[in-house]
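Shown next: entry.txt, containing compact mmCIF, C-alpha atoms and all ligand atoms.
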```txt
# COMPACT_ATOMS: atom_id res chain seq x y z
CA MET A 520 -5.29 77.83 73.59
CA HIS A 521 -2.80 75.01 73.88
CA SER A 522 0.69 75.34 72.54
CA LEU A 523 2.42 72.44 70.87
CA PRO A 524 5.91 71.43 71.92
CA LEU A 525 8.55 72.44 69.37
CA LEU A 526 9.25 68.79 68.64
CA ALA A 527 5.63 68.20 67.70
CA ILE A 528 5.63 71.23 65.43
CA ALA A 529 8.76 69.94 63.73
CA ALA A 530 7.09 66.57 63.25
CA ALA A 531 4.03 68.28 61.85
CA LEU A 532 6.15 70.24 59.39
CA ALA A 533 7.94 67.09 58.28
CA ALA A 534 4.65 65.26 57.83
CA GLY A 535 3.21 68.11 55.81
CA ALA A 536 6.21 68.08 53.51
CA CYS A 537 5.99 64.40 52.64
CA SER A 538 2.30 63.56 52.82
CA ALA A 539 0.36 63.59 49.58
CA SER A 540 -2.89 64.18 51.44
CA THR A 541 -1.66 67.34 53.17
CA THR A 542 -0.94 70.58 51.37
CA SER A 543 2.24 72.40 52.37
CA SER A 544 0.29 75.58 53.05
CA LYS A 545 -1.25 73.82 56.06
CA ALA A 546 2.11 72.67 57.42
CA ALA A 547 2.34 75.26 60.17
CA ASP A 548 -1.19 74.60 61.39
CA PRO A 549 -1.30 72.53 64.61
CA ALA A 550 -4.05 70.55 62.89
CA THR A 551 -1.38 69.13 60.60
CA LEU A 552 -0.09 66.85 63.33
CA ALA A 553 -3.63 65.55 63.73
CA ALA A 554 -3.82 65.15 59.96
CA SER A 555 -0.73 62.94 59.90
CA GLY A 556 -0.11 59.60 61.57
CA ASP A 557 3.05 60.88 63.27
CA HIS A 558 3.53 60.96 67.02
CA THR A 559 7.04 60.95 68.42
CA ALA A 560 7.55 59.24 71.79
CA THR A 561 9.59 60.86 74.54
CA PRO A 562 11.36 59.05 77.42
CA VAL A 563 9.16 58.44 80.45
CA ALA A 564 11.96 59.98 82.54
CA ASP A 565 10.88 63.35 81.10
CA ALA A 566 7.25 62.88 82.18
CA PRO A 567 5.68 64.83 85.08
CA PHE A 568 5.37 61.59 87.07
CA THR A 569 7.31 58.60 88.28
CA VAL A 570 5.95 55.08 87.78
CA GLN A 571 5.30 53.20 91.02
CA GLU A 572 4.62 49.47 90.85
CA VAL A 573 1.79 48.55 93.21
CA ALA A 574 0.57 44.99 92.55
CA SER A 575 0.88 42.05 90.13
CA PHE A 576 -1.82 40.41 88.04
CA ASN A 577 -2.03 37.65 85.42
CA GLU A 578 -3.05 39.17 82.08
CA PRO A 579 -5.03 42.06 83.58
CA TRP A 580 -7.46 43.53 81.06
CA ALA A 581 -9.62 46.21 82.66
CA MET A 582 -10.16 47.96 85.97
CA THR A 583 -12.50 50.33 87.71
CA PHE A 584 -12.20 51.96 91.12
CA VAL A 585 -14.90 51.07 93.64
CA PRO A 586 -16.56 54.37 94.55
CA GLY A 587 -16.06 55.49 98.13
CA THR A 588 -13.21 53.04 98.81
CA ARG A 589 -9.47 52.70 98.20
CA ALA A 590 -10.08 49.59 96.14
CA ALA A 591 -10.42 48.60 92.51
CA LEU A 592 -11.96 45.74 90.58
CA ILE A 593 -9.54 44.26 88.06
CA THR A 594 -10.39 41.61 85.45
CA GLU A 595 -7.86 38.99 84.43
CA LYS A 596 -8.36 37.72 80.90
CA SER A 597 -8.31 34.04 81.87
CA GLY A 598 -11.44 34.52 83.96
CA LYS A 599 -10.73 35.92 87.42
CA LEU A 600 -12.08 39.10 88.96
CA LYS A 601 -9.80 40.62 91.61
CA LEU A 602 -10.63 43.16 94.27
CA TRP A 603 -7.41 45.07 94.87
CA GLN A 604 -7.31 47.07 98.10
CA GLU A 605 -4.78 49.80 98.75
CA ASN A 606 -4.62 48.94 102.45
CA GLY A 607 -5.37 45.24 102.41
CA PRO A 608 -4.96 41.98 100.54
CA THR A 609 -6.07 41.46 96.94
CA LEU A 610 -9.13 39.19 97.02
CA ASP A 611 -10.77 36.91 94.44
CA VAL A 612 -14.37 37.90 93.72
CA ALA A 613 -16.63 34.83 93.61
CA GLY A 614 -19.65 34.35 91.37
CA VAL A 615 -17.99 35.37 88.12
CA PRO A 616 -19.12 33.88 84.81
CA ALA A 617 -17.22 31.09 83.05
CA VAL A 618 -15.35 32.74 80.18
CA ALA A 619 -14.18 31.32 76.86
CA TYR A 620 -10.51 32.12 77.20
CA GLY A 621 -8.24 32.17 74.18
CA GLY A 622 -6.85 34.47 71.51
CA GLN A 623 -7.99 37.99 72.36
CA GLY A 624 -10.93 36.66 74.35
CA GLY A 625 -11.74 35.95 77.97
CA PHE A 626 -12.78 38.31 80.72
CA GLY A 627 -13.19 41.84 79.38
CA ASP A 628 -14.35 45.12 80.82
CA ILE A 629 -15.82 46.05 84.20
CA VAL A 630 -17.56 49.31 85.13
CA VAL A 631 -19.71 50.34 88.08
CA ALA A 632 -23.32 51.41 87.56
CA PRO A 633 -24.06 55.14 87.87
CA ASP A 634 -26.12 54.30 90.98
CA PHE A 635 -23.52 51.88 92.38
CA THR A 636 -23.47 53.50 95.82
CA THR A 637 -27.14 52.64 96.38
CA ASN A 638 -27.31 49.18 94.80
CA GLY A 639 -23.76 47.86 94.26
CA THR A 640 -24.45 47.07 90.60
CA VAL A 641 -21.51 46.39 88.29
CA TYR A 642 -21.43 45.67 84.54
CA LEU A 643 -18.96 43.27 83.02
CA SER A 644 -18.18 41.77 79.63
CA TRP A 645 -16.72 38.42 78.67
CA ILE A 646 -16.59 35.87 75.85
CA GLU A 647 -18.91 32.88 75.54
CA SER A 648 -18.74 30.09 73.00
CA GLY A 649 -21.56 29.28 70.60
CA GLU A 650 -22.42 26.42 68.28
CA GLY A 651 -19.92 25.06 65.77
CA GLY A 652 -16.78 26.65 67.21
CA THR A 653 -18.14 30.19 67.28
CA TYR A 654 -17.59 32.89 69.88
CA GLY A 655 -19.08 36.19 70.90
CA ALA A 656 -18.89 38.81 73.62
CA VAL A 657 -21.66 39.25 76.14
CA VAL A 658 -22.41 41.92 78.74
CA GLY A 659 -23.90 41.15 82.13
CA MET A 660 -24.89 42.97 85.28
CA ALA A 661 -24.62 41.79 88.88
CA LYS A 662 -24.55 43.07 92.43
CA LEU A 663 -21.11 43.29 94.03
CA VAL A 664 -21.23 42.20 97.67
CA GLN A 665 -18.15 43.61 99.39
CA GLY A 666 -16.44 42.36 102.55
CA ALA A 667 -13.88 39.69 103.42
CA THR A 668 -15.32 37.27 100.83
CA PRO A 669 -16.51 39.51 98.02
CA ARG A 670 -18.87 38.04 95.43
CA LEU A 671 -21.17 38.82 92.54
CA GLU A 672 -24.85 38.03 93.06
CA GLY A 673 -27.67 37.75 90.57
CA LEU A 674 -25.52 37.84 87.46
CA LYS A 675 -27.74 38.40 84.43
CA THR A 676 -26.73 38.63 80.75
CA ILE A 677 -28.23 41.74 79.14
CA TRP A 678 -26.53 41.84 75.73
CA VAL A 679 -24.91 39.44 73.26
CA GLN A 680 -22.75 39.98 70.20
CA SER A 681 -24.74 38.90 67.14
CA PRO A 682 -23.95 36.87 65.18
CA LYS A 683 -21.41 34.69 66.97
CA VAL A 684 -18.66 33.85 64.47
CA SER A 685 -15.46 31.80 64.29
CA GLY A 686 -12.16 33.17 65.50
CA ARG A 687 -11.06 34.81 68.74
CA GLY A 688 -10.19 38.36 67.78
CA HIS A 689 -11.68 41.85 67.77
CA PHE A 690 -14.33 41.37 70.42
CA SER A 691 -13.80 44.95 71.71
CA HIS A 692 -16.46 44.61 74.49
CA ARG A 693 -15.68 47.96 76.11
CA LEU A 694 -18.33 49.65 78.26
CA ALA A 695 -19.16 53.25 79.23
CA PHE A 696 -22.11 54.97 80.88
CA SER A 697 -23.29 58.37 79.73
CA PRO A 698 -22.63 61.09 82.36
CA ASP A 699 -26.39 61.35 83.08
CA GLY A 700 -26.37 57.65 83.94
CA LYS A 701 -29.22 56.91 81.56
CA TYR A 702 -27.45 54.91 78.86
CA LEU A 703 -24.93 52.10 78.61
CA PHE A 704 -22.69 52.26 75.55
CA ILE A 705 -20.98 49.10 74.30
CA GLY A 706 -18.10 48.89 71.86
CA SER A 707 -18.55 45.80 69.68
CA GLY A 708 -15.71 44.80 67.35
CA GLU A 709 -16.06 43.46 63.81
CA ARG A 710 -14.52 40.12 64.87
CA GLN A 711 -11.85 40.30 62.14
CA LYS A 712 -14.60 39.72 59.56
CA PHE A 713 -14.49 43.24 58.00
CA ASP A 714 -17.94 43.54 56.33
CA PRO A 715 -20.10 43.15 59.45
CA ALA A 716 -19.02 46.70 60.39
CA GLN A 717 -21.30 47.94 57.58
CA ASP A 718 -24.03 45.27 58.00
CA MET A 719 -27.04 46.77 59.76
CA LYS A 720 -28.32 43.27 60.62
CA ALA A 721 -25.24 42.57 62.77
CA ASN A 722 -24.21 44.39 65.94
CA LEU A 723 -20.52 43.80 65.12
CA GLY A 724 -18.24 46.73 64.25
CA LYS A 725 -20.67 49.10 65.99
CA ILE A 726 -21.11 51.20 69.07
CA LEU A 727 -24.40 50.27 70.73
CA ARG A 728 -26.61 52.25 73.09
CA LEU A 729 -28.82 50.48 75.64
CA ASN A 730 -30.82 51.33 78.71
CA PRO A 731 -29.09 50.14 81.90
CA ASP A 732 -31.36 47.08 82.04
CA GLY A 733 -30.34 46.06 78.49
CA SER A 734 -33.53 47.22 76.79
CA ILE A 735 -33.33 49.50 73.75
CA PRO A 736 -33.98 53.25 74.10
CA SER A 737 -36.90 54.30 71.92
CA ASP A 738 -34.95 57.31 70.63
CA ASN A 739 -31.99 55.30 69.30
CA PRO A 740 -31.25 56.38 65.70
CA PHE A 741 -32.33 53.06 64.15
CA ALA A 742 -34.89 52.04 66.81
CA ALA A 743 -37.72 51.77 64.30
CA GLN A 744 -35.90 49.01 62.39
CA GLY A 745 -36.06 46.63 65.37
CA GLY A 746 -33.80 43.63 66.02
CA VAL A 747 -30.13 44.25 66.76
CA THR A 748 -30.29 47.19 64.31
CA ALA A 749 -32.22 49.08 66.98
CA GLN A 750 -29.17 48.85 69.30
CA ILE A 751 -26.89 50.70 66.88
CA TRP A 752 -25.60 54.15 67.78
CA SER A 753 -22.73 54.36 65.25
CA LEU A 754 -21.20 51.99 62.71
CA GLY A 755 -18.15 51.32 60.56
CA HIS A 756 -15.85 50.59 63.51
CA ARG A 757 -13.09 47.97 63.66
CA ASN A 758 -11.79 46.97 67.13
CA ILE A 759 -12.96 49.43 69.78
CA LEU A 760 -10.74 49.13 72.86
CA GLY A 761 -11.65 52.34 74.65
CA LEU A 762 -14.83 54.39 75.17
CA ALA A 763 -14.96 57.54 77.32
CA PHE A 764 -17.21 60.53 77.85
CA ASP A 765 -15.61 63.91 78.49
CA GLY A 766 -16.88 66.60 80.85
CA SER A 767 -19.05 68.24 78.21
CA GLY A 768 -20.82 64.97 77.47
CA LYS A 769 -19.03 64.10 74.22
CA LEU A 770 -18.34 60.40 73.62
CA TRP A 771 -14.90 59.46 72.29
CA ASN A 772 -13.73 56.06 71.14
CA GLN A 773 -10.38 54.68 70.19
CA GLU A 774 -10.05 51.69 67.94
CA MET A 775 -7.30 49.46 66.76
CA GLY A 776 -7.26 50.03 63.03
CA PRO A 777 -5.61 48.07 60.27
CA LYS A 778 -1.86 48.60 59.71
CA GLY A 779 -1.10 52.28 60.30
CA GLY A 780 -4.73 53.19 60.92
CA ASP A 781 -5.33 53.33 64.70
CA GLU A 782 -7.96 55.97 65.41
CA VAL A 783 -9.58 58.20 67.98
CA ASN A 784 -13.08 59.26 66.96
CA LEU A 785 -15.66 61.69 68.28
CA VAL A 786 -18.71 59.45 68.35
CA ALA A 787 -21.95 60.84 66.94
CA ALA A 788 -25.34 59.14 66.66
CA LYS A 789 -25.93 57.54 63.26
CA ALA A 790 -22.41 58.31 62.05
CA ASN A 791 -20.55 55.80 59.88
CA TYR A 792 -16.79 55.69 60.53
CA GLY A 793 -16.14 53.91 57.26
CA TYR A 794 -14.43 50.63 58.09
CA PRO A 795 -13.65 48.52 56.06
CA ILE A 796 -14.41 50.81 53.09
CA VAL A 797 -11.99 53.52 54.17
CA SER A 798 -9.12 53.76 56.64
CA ASN A 799 -5.97 55.83 56.80
CA GLY A 800 -4.27 52.48 57.34
CA ASP A 801 -4.18 49.46 55.04
CA HIS A 802 -4.84 45.75 55.50
CA TYR A 803 -2.09 43.77 57.24
CA ASP A 804 -1.87 41.48 54.18
CA GLY A 805 -0.76 44.52 52.15
CA LYS A 806 -4.08 45.27 50.43
CA ASP A 807 -4.83 48.94 50.08
CA ILE A 808 -7.77 50.54 51.84
CA PRO A 809 -8.64 53.98 50.42
CA ASP A 810 -7.87 56.77 52.89
CA HIS A 811 -10.59 58.74 54.65
CA PRO A 812 -10.35 61.88 52.47
CA THR A 813 -11.43 59.83 49.40
CA ARG A 814 -14.89 59.29 50.92
CA PRO A 815 -15.92 62.38 52.88
CA GLU A 816 -19.38 60.92 53.57
CA PHE A 817 -17.74 58.74 56.23
CA ALA A 818 -16.77 60.31 59.55
CA ALA A 819 -12.99 60.73 59.70
CA PRO A 820 -10.93 60.15 62.83
CA LYS A 821 -9.93 63.13 64.93
CA LEU A 822 -6.49 61.57 65.34
CA TRP A 823 -4.73 58.55 63.85
CA TRP A 824 -1.38 56.83 64.22
CA ASN A 825 1.05 55.42 61.67
CA PRO A 826 3.00 53.36 62.65
CA SER A 827 0.30 51.71 64.73
CA VAL A 828 0.38 52.14 68.50
CA SER A 829 -2.30 49.51 69.28
CA PRO A 830 -4.47 51.58 71.62
CA ALA A 831 -5.76 50.07 74.87
CA GLY A 832 -8.05 51.83 77.35
CA LEU A 833 -9.30 55.41 77.26
CA VAL A 834 -10.19 57.84 80.07
CA TRP A 835 -11.06 61.49 80.40
CA TYR A 836 -8.74 63.35 82.78
CA ASN A 837 -9.76 66.61 84.44
CA GLY A 838 -7.53 66.66 87.52
CA ASP A 839 -4.80 69.05 88.66
CA LEU A 840 -2.05 66.67 89.78
CA TYR A 841 -0.09 66.77 86.52
CA PRO A 842 0.52 70.24 85.03
CA GLY A 843 -1.52 71.03 81.92
CA TRP A 844 -3.49 67.78 81.84
CA LYS A 845 -6.92 69.26 82.57
CA ASN A 846 -9.51 68.22 79.94
CA SER A 847 -7.36 65.53 78.32
CA LEU A 848 -7.91 62.02 77.05
CA LEU A 849 -5.40 59.41 78.21
CA MET A 850 -4.87 56.24 76.21
CA GLY A 851 -2.58 53.27 76.71
CA ALA A 852 -0.57 51.74 73.87
CA LEU A 853 0.29 48.04 73.50
CA SER A 854 2.71 47.79 70.55
CA GLY A 855 3.32 51.52 71.09
CA GLU A 856 4.47 50.64 74.65
CA GLY A 857 3.39 53.68 76.56
CA LEU A 858 0.87 56.35 77.44
CA ILE A 859 -0.62 58.91 75.07
CA ARG A 860 -2.21 62.21 76.16
CA MET A 861 -4.54 64.14 73.88
CA GLN A 862 -5.76 67.64 74.72
CA ILE A 863 -9.46 68.32 74.10
CA ASP A 864 -10.44 71.71 72.71
CA GLY A 865 -14.13 71.60 71.85
CA ASP A 866 -14.49 69.12 69.00
CA LYS A 867 -10.73 69.22 68.34
CA LEU A 868 -8.14 66.87 69.71
CA THR A 869 -4.38 67.41 69.82
CA LYS A 870 -1.60 64.83 70.14
CA SER A 871 -0.02 66.35 73.25
CA ASP A 872 2.26 63.77 74.86
CA ARG A 873 3.50 60.29 74.17
CA TRP A 874 5.72 58.64 76.75
CA ASP A 875 7.75 55.55 76.04
CA PHE A 876 7.29 53.09 78.93
CA GLY A 877 9.09 50.26 77.12
CA THR A 878 6.19 47.99 78.07
CA ARG A 879 2.63 47.35 76.92
CA VAL A 880 -0.02 49.49 78.62
CA ARG A 881 -3.43 47.76 78.68
CA GLU A 882 -5.68 50.04 80.74
CA VAL A 883 -5.85 53.57 82.14
CA GLU A 884 -7.90 54.73 85.12
CA VAL A 885 -8.21 57.85 87.28
CA GLY A 886 -8.60 57.70 91.07
CA ASP A 887 -10.90 59.96 93.12
CA ASP A 888 -7.88 62.08 94.06
CA GLY A 889 -6.86 62.67 90.43
CA THR A 890 -4.03 60.14 90.33
CA VAL A 891 -3.63 58.10 87.17
CA TRP A 892 -3.23 54.32 87.35
CA LEU A 893 -2.29 51.89 84.60
CA LEU A 894 -2.44 48.17 84.03
CA ILE A 895 0.71 46.84 82.41
CA ASP A 896 -0.18 43.98 80.06
CA GLY A 897 0.94 40.36 80.22
CA GLU A 898 1.23 37.22 82.38
CA ASP A 899 3.47 39.23 84.69
CA GLY A 900 1.13 42.22 84.49
CA LYS A 901 1.24 45.08 86.99
CA LEU A 902 -0.92 47.75 88.51
CA VAL A 903 1.15 50.94 88.54
CA LYS A 904 0.49 54.42 89.90
CA LEU A 905 1.75 57.56 88.19
CA VAL A 906 3.12 59.54 91.15
CA PRO A 907 3.22 63.25 90.31
CA LYS A 908 6.67 64.82 90.51
CA LYS A 909 6.89 67.64 93.07
CA CA B 1 -11.66 51.07 83.22
CA CA B 2 -5.51 53.55 53.54
```
So that I can check it, write out the structure of this file as structure tokens.
Ligand SMILES: [Ca+2]
Ligand SMILES: [Ca+2]
Amino acid sequence: MHSLPLLAIAAALAAGACSASTTSSKAADPATLAASGDHTATPVADAPFTVQEVASFNEPWAMTFVPGTRAALITEKSGKLKLWQENGPTLDVAGVPAVAYGGQGGFGDIVVAPDFTTNGTVYLSWIESGEGGTYGAVVGMAKLVQGATPRLEGLKTIWVQSPKVSGRGHFSHRLAFSPDGKYLFIGSGERQKFDPAQDMKANLGKILRLNPDGSIPSDNPFAAQGGVTAQIWSLGHRNILGLAFDGSGKLWNQEMGPKGGDEVNLVAAKANYGYPIVSNGDHYDGKDIPDHPTRPEFAAPKLWWNPSVSPAGLVWYNGDLYPGWKNSLLMGALSGEGLIRMQIDGDKLTKSDRWDFGTRVREVEVGDDGTVWLLIDGEDGKLVKLVPKK
């Protein structure tokens, strides 16, 4: 069992008292905090770590540690891939794709293949332009050649967002491998076009499941329908900016929702998460979107935030370096300017900690030794290490 801090219980009680969708009889239940959008931030000075600045990057977007080394690959949105080394210089990786940089688009995610140690394969996502001023995310795979002049070799595109549409928002293009290494999951945003999230002929607003070579697993839930429909694992998503498996093999996603509707979901095959038909938030232009409880046929979020925190990055933490963090999800916050910890208890998720960094957190990663690292967003972006307090 996990106990809630008194402050969180007080917030839960307050939320229960003023929320039409929550009955007062449930107010003392820890689930009430999950059932409200509330999450009070606490000063980072009270956290079980100090924040150590390690390196600077220009608009860093994603990172992954290189297995067996003290190095990490870090994407910069404008199109560079950096190899940061704890005990050496930060190097540019050659052989990267040309990216369509602008708006929310550019270089995206990078992850290592499950069998990276034998073949050096990495997976990356970026934006390419299409005909008539359209854009879309793509995913590619390549071999990382390490050394003094690191480079990508044999870059091959294995997936494209379909259709390409106008605008430069909500690409998502987050990547995660299943723990058994058999499947690549891709978060694909609805490109700020709303309805594609429910359109089974588009792979926008979906989570997709592919074999590592980009082919479609024959046991995907909609495999028989062919086309991009066959790629679909779950639907009704908005802007997925974090995908992570936990130690029991459950897939979680976070997504930037409409105003007051940021979500963390437990991702199930064939499930429909309801966007844009339902959301606990509402459109930024003020238009109402019915809340999740009005349409129980759609999968509801495990947690949501109002006001919005603008989630960025998601990792499963199972280390011992920070007291009580075992079996947690860690998520950065952009407009929420900090780090959020959620405790996993089976299929339940609890809002456990929220620290106010006073700056936008873009990405979260965990080192081999259990240390947590963050990318601070922006043109003067930073790699920082959360040094456990003694
Ligand atoms: Ca990462
Ligand atoms: Ca709503």
Taking all atoms listed in the file into account, list the residues no farther than 8 Å from ligand CA 2 (chain B), as an MDAnalysis selection string. chainID A and resid 780 797:801 807:811
For Pro682 in chain A, which residue out of A:Asp699, A:Glu709, A:Asp896, A:Glu884 is the nearest one, using all atoms listed in the file?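 Using all atoms listed in the file, Pro682 in chain A sits closest to A:Glu709.
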Restricting the calculation to all atoms listed in the file, which member of A:Ala613, A:Lys662, A:Asn846, A:Val891 is positioned closest to ligand CA 1 (chain B)?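 That would be A:Val891, the residue with the smallest distance to ligand CA 1 (chain B).
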Length of the CA of Asp611 in chain A to CA of Ser644 in chain A vector [Å]: 17.3 Å
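Among the candidate residues A:Pro812, A:Pro567, A:Gly706, A:Gly622, the one lying nearest to Trp844 in chain A is A:Pro567, with distances computed using only C-alpha atoms.
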